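Reading through the structure tokens given below for one structure.
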Amino acid sequence: MIKPDFTCPLGRILMTGLLTLILSACGDNEGSGSVFDLAGSSGSGSGTTIGPSVPTGIITHRDFVVLYSNQDPQIFDTMGAYTQKTVTISIHADDIFDLTVSNAAVNFATEWGTFTDSDSCVLSNGSCTVDWIPGDPATVPTDCWVSFTAFAVGEEQFEDANGNDLFDIGEIFLDLEEPYLDLAGDGVFNAICNADLVCEIIDIVNFDGTTPGAGNNVHDIADGFYNGSLCADVAGNPFCNTVTSTVIHARSELRVRSPSIPPLPPTTCP
């Protein structure tokens, strides 16, 4: 079991993903459609078939990504005048099979500024958005990086070493702690508050075996179990939890600036 560092400030994000491509050639069976028979050449026997994956409808932490319409809005002009520029914050969410998820609520929290209409949205075809504007210029974070956290009910990811789409004994999983605002930008829950009296804690989970949404007034550390719907043997795998979901989250930072701070360089892929 490994415990990841979820620090992902914008402009410093390195995202990695896995895309599995299944390439198949057509045989001489007519009308085979989108499911291919991998049985013996005789065409008899149970064999193995492949085709479209069945969506789980559950967000996986691996594919829960925050994006910004403007990654470093200039909120002060050359004369020092302050402008509240609206930034649209988008979430992209897939299930464990990289299929988009719909009808799931996503909540957002920030250390500074205001969500103009709502601090939550509902996924449609894997995405939804909220709008944010800067707050009081007198209390802008001293380093000009504003912390955000998006969170939703979902499941933890695991390394499917044998490719059976299930979490088996011996496979590695990412054990999540409770969501929080990373005010220090160090990827660690420090139980601190900022000048606006906004604190890091987001009390939404109780890891004593109850369902997500039952707060307990403390920050819960990772519980040591795989919390997800794809456990192969709940009774036989000591890392399987009877609770099949948790609150997943993505932490990131948005930089606000004045003309004296140069824009962030464009993000490029080699």
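Starting from 1 in every chain, residues are counted up; chains themselves are A, B, ... following the order of the structure tokens, and ligands are numbered from 1 as listed.
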
Give me, as a PDB file with N, CA and C atoms, in the first residue's frame, all polymer residues having an atom no more than 10 Å from Thr100 in chain A, counting only C-alpha atoms and skipping those fewer than 2 positions away in the same chain.
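Resulting contents of selection.pdb:
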ATOM      1  N   PRO A  55     -20.077   0.809 -17.697  1.00  0.00           N
ATOM      2  CA  PRO A  55     -19.759   1.913 -16.781  1.00  0.00           C
ATOM      3  C   PRO A  55     -20.136   1.569 -15.346  1.00  0.00           C
ATOM      4  N   THR A  56     -19.282   1.997 -14.413  1.00  0.00           N
ATOM      5  CA  THR A  56     -19.611   1.789 -13.002  1.00  0.00           C
ATOM      6  C   THR A  56     -20.455   2.931 -12.456  1.00  0.00           C
ATOM      7  N   GLY A  57     -20.348   4.102 -13.094  1.00  0.00           N
ATOM      8  CA  GLY A  57     -21.060   5.271 -12.587  1.00  0.00           C
ATOM      9  C   GLY A  57     -20.437   5.863 -11.339  1.00  0.00           C
ATOM     10  N   ILE A  58     -19.249   5.375 -10.954  1.00  0.00           N
ATOM     11  CA  ILE A  58     -18.561   5.831  -9.742  1.00  0.00           C
ATOM     12  C   ILE A  58     -17.254   6.510 -10.141  1.00  0.00           C
ATOM     13  N   ILE A  59     -17.011   7.691  -9.632  1.00  0.00           N
ATOM     14  CA  ILE A  59     -15.794   8.429  -9.972  1.00  0.00           C
ATOM     15  C   ILE A  59     -14.583   7.743  -9.348  1.00  0.00           C
ATOM     16  N   ASP A  63      -8.941   9.683 -12.089  1.00  0.00           N
ATOM     17  CA  ASP A  63      -9.420  10.544 -13.177  1.00  0.00           C
ATOM     18  C   ASP A  63     -10.363  11.616 -12.647  1.00  0.00           C
ATOM     19  N   HIS A  92     -13.216  17.371 -14.380  1.00  0.00           N
ATOM     20  CA  HIS A  92     -13.392  16.258 -15.315  1.00  0.00           C
ATOM     21  C   HIS A  92     -13.292  14.966 -14.518  1.00  0.00           C
ATOM     22  N   ALA A  93     -14.250  14.072 -14.718  1.00  0.00           N
ATOM     23  CA  ALA A  93     -14.310  12.866 -13.892  1.00  0.00           C
ATOM     24  C   ALA A  93     -14.709  11.653 -14.730  1.00  0.00           C
ATOM     25  N   ASP A  94     -13.937  10.573 -14.562  1.00  0.00           N
ATOM     26  CA  ASP A  94     -14.216   9.292 -15.213  1.00  0.00           C
ATOM     27  C   ASP A  94     -14.343   8.202 -14.160  1.00  0.00           C
ATOM     28  N   ASP A  95     -14.824   7.040 -14.606  1.00  0.00           N
ATOM     29  CA  ASP A  95     -14.814   5.874 -13.727  1.00  0.00           C
ATOM     30  C   ASP A  95     -13.523   5.097 -13.958  1.00  0.00           C
ATOM     31  N   ILE A  96     -13.385   3.948 -13.327  1.00  0.00           N
ATOM     32  CA  ILE A  96     -12.155   3.172 -13.377  1.00  0.00           C
ATOM     33  C   ILE A  96     -11.831   2.681 -14.791  1.00  0.00           C
ATOM     34  N   PHE A  97     -12.855   2.636 -15.681  1.00  0.00           N
ATOM     35  CA  PHE A  97     -12.665   2.192 -17.056  1.00  0.00           C
ATOM     36  C   PHE A  97     -12.498   3.364 -18.020  1.00  0.00           C
ATOM     37  N   ASP A  98     -12.251   4.569 -17.463  1.00  0.00           N
ATOM     38  CA  ASP A  98     -12.077   5.784 -18.266  1.00  0.00           C
ATOM     39  C   ASP A  98     -13.340   6.158 -19.027  1.00  0.00           C
ATOM     40  N   SER A 102     -21.837  10.709 -14.966  1.00  0.00           N
ATOM     41  CA  SER A 102     -22.873  11.744 -14.932  1.00  0.00           C
ATOM     42  C   SER A 102     -23.681  11.636 -13.645  1.00  0.00           C
ATOM     43  N   LEU A 123     -22.201  16.546 -12.387  1.00  0.00           N
ATOM     44  CA  LEU A 123     -21.537  16.069 -13.593  1.00  0.00           C
ATOM     45  C   LEU A 123     -22.525  15.687 -14.689  1.00  0.00           C
ATOM     46  N   SER A 124     -22.180  16.073 -15.911  1.00  0.00           N
ATOM     47  CA  SER A 124     -22.902  15.632 -17.100  1.00  0.00           C
ATOM     48  C   SER A 124     -21.857  15.227 -18.127  1.00  0.00           C
ATOM     49  N   ASN A 125     -21.871  13.971 -18.526  1.00  0.00           N
ATOM     50  CA  ASN A 125     -20.853  13.446 -19.440  1.00  0.00           C
ATOM     51  C   ASN A 125     -19.438  13.735 -18.944  1.00  0.00           C
ATOM     52  N   GLY A 126     -19.256  13.606 -17.632  1.00  0.00           N
ATOM     53  CA  GLY A 126     -17.928  13.680 -17.060  1.00  0.00           C
ATOM     54  C   GLY A 126     -17.409  15.057 -16.715  1.00  0.00           C
ATOM     55  N   SER A 127     -18.226  16.109 -16.821  1.00  0.00           N
ATOM     56  CA  SER A 127     -17.715  17.436 -16.495  1.00  0.00           C
ATOM     57  C   SER A 127     -18.815  18.341 -15.971  1.00  0.00           C
TER      58      SER A 127
END

*If you count only C-alpha atoms, which residues fall within 10 Å of Asn217 in chain A, apart from same-chain ones fewer than 4 positions away, as a PyMOL selection string?*
chain A and resi 201-206

*Have a look at A:Ala222, A:Cys121, A:Ile248, A:Ala235 and name the one nearest to Arg62 in chain A; count only C-alpha atoms.*
A:Ile248

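Reported to one decimal place, the separation of CA of Thr88 in chain A from CA of Ser258 in chain A is 19.5 Å.
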
*To one decimal place, how far is CA of Val130 in chain A from CA of Val153 in chain A in Å?*
17.8 Å

*Using only C-alpha atoms, find the one residue out of A:Trp112, A:Phe64, A:Glu253, A:Asp160 that sits nearest to Cys193 in chain A.*
A:Trp112

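Proximity to Phe151 in chain A at 9 Å, evaluated using only C-alpha atoms and with sequence-adjacent residues fewer than 3 positions away removed, yields A:Phe64, A:Ala105, A:Val106, A:Asn107, A:Phe108, A:Ala109, A:Gly154, A:Pro179, A:Val247, A:Ile248, A:His249, A:Ala250, A:Arg251.
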
_Which residues are near Phe189 in chain A? Cut-off 9 Å, only C-alpha atoms, ignore same chain within fewer than 6 positions. Put them as number ranges by chain._
A: 180-183, 200-201, 219
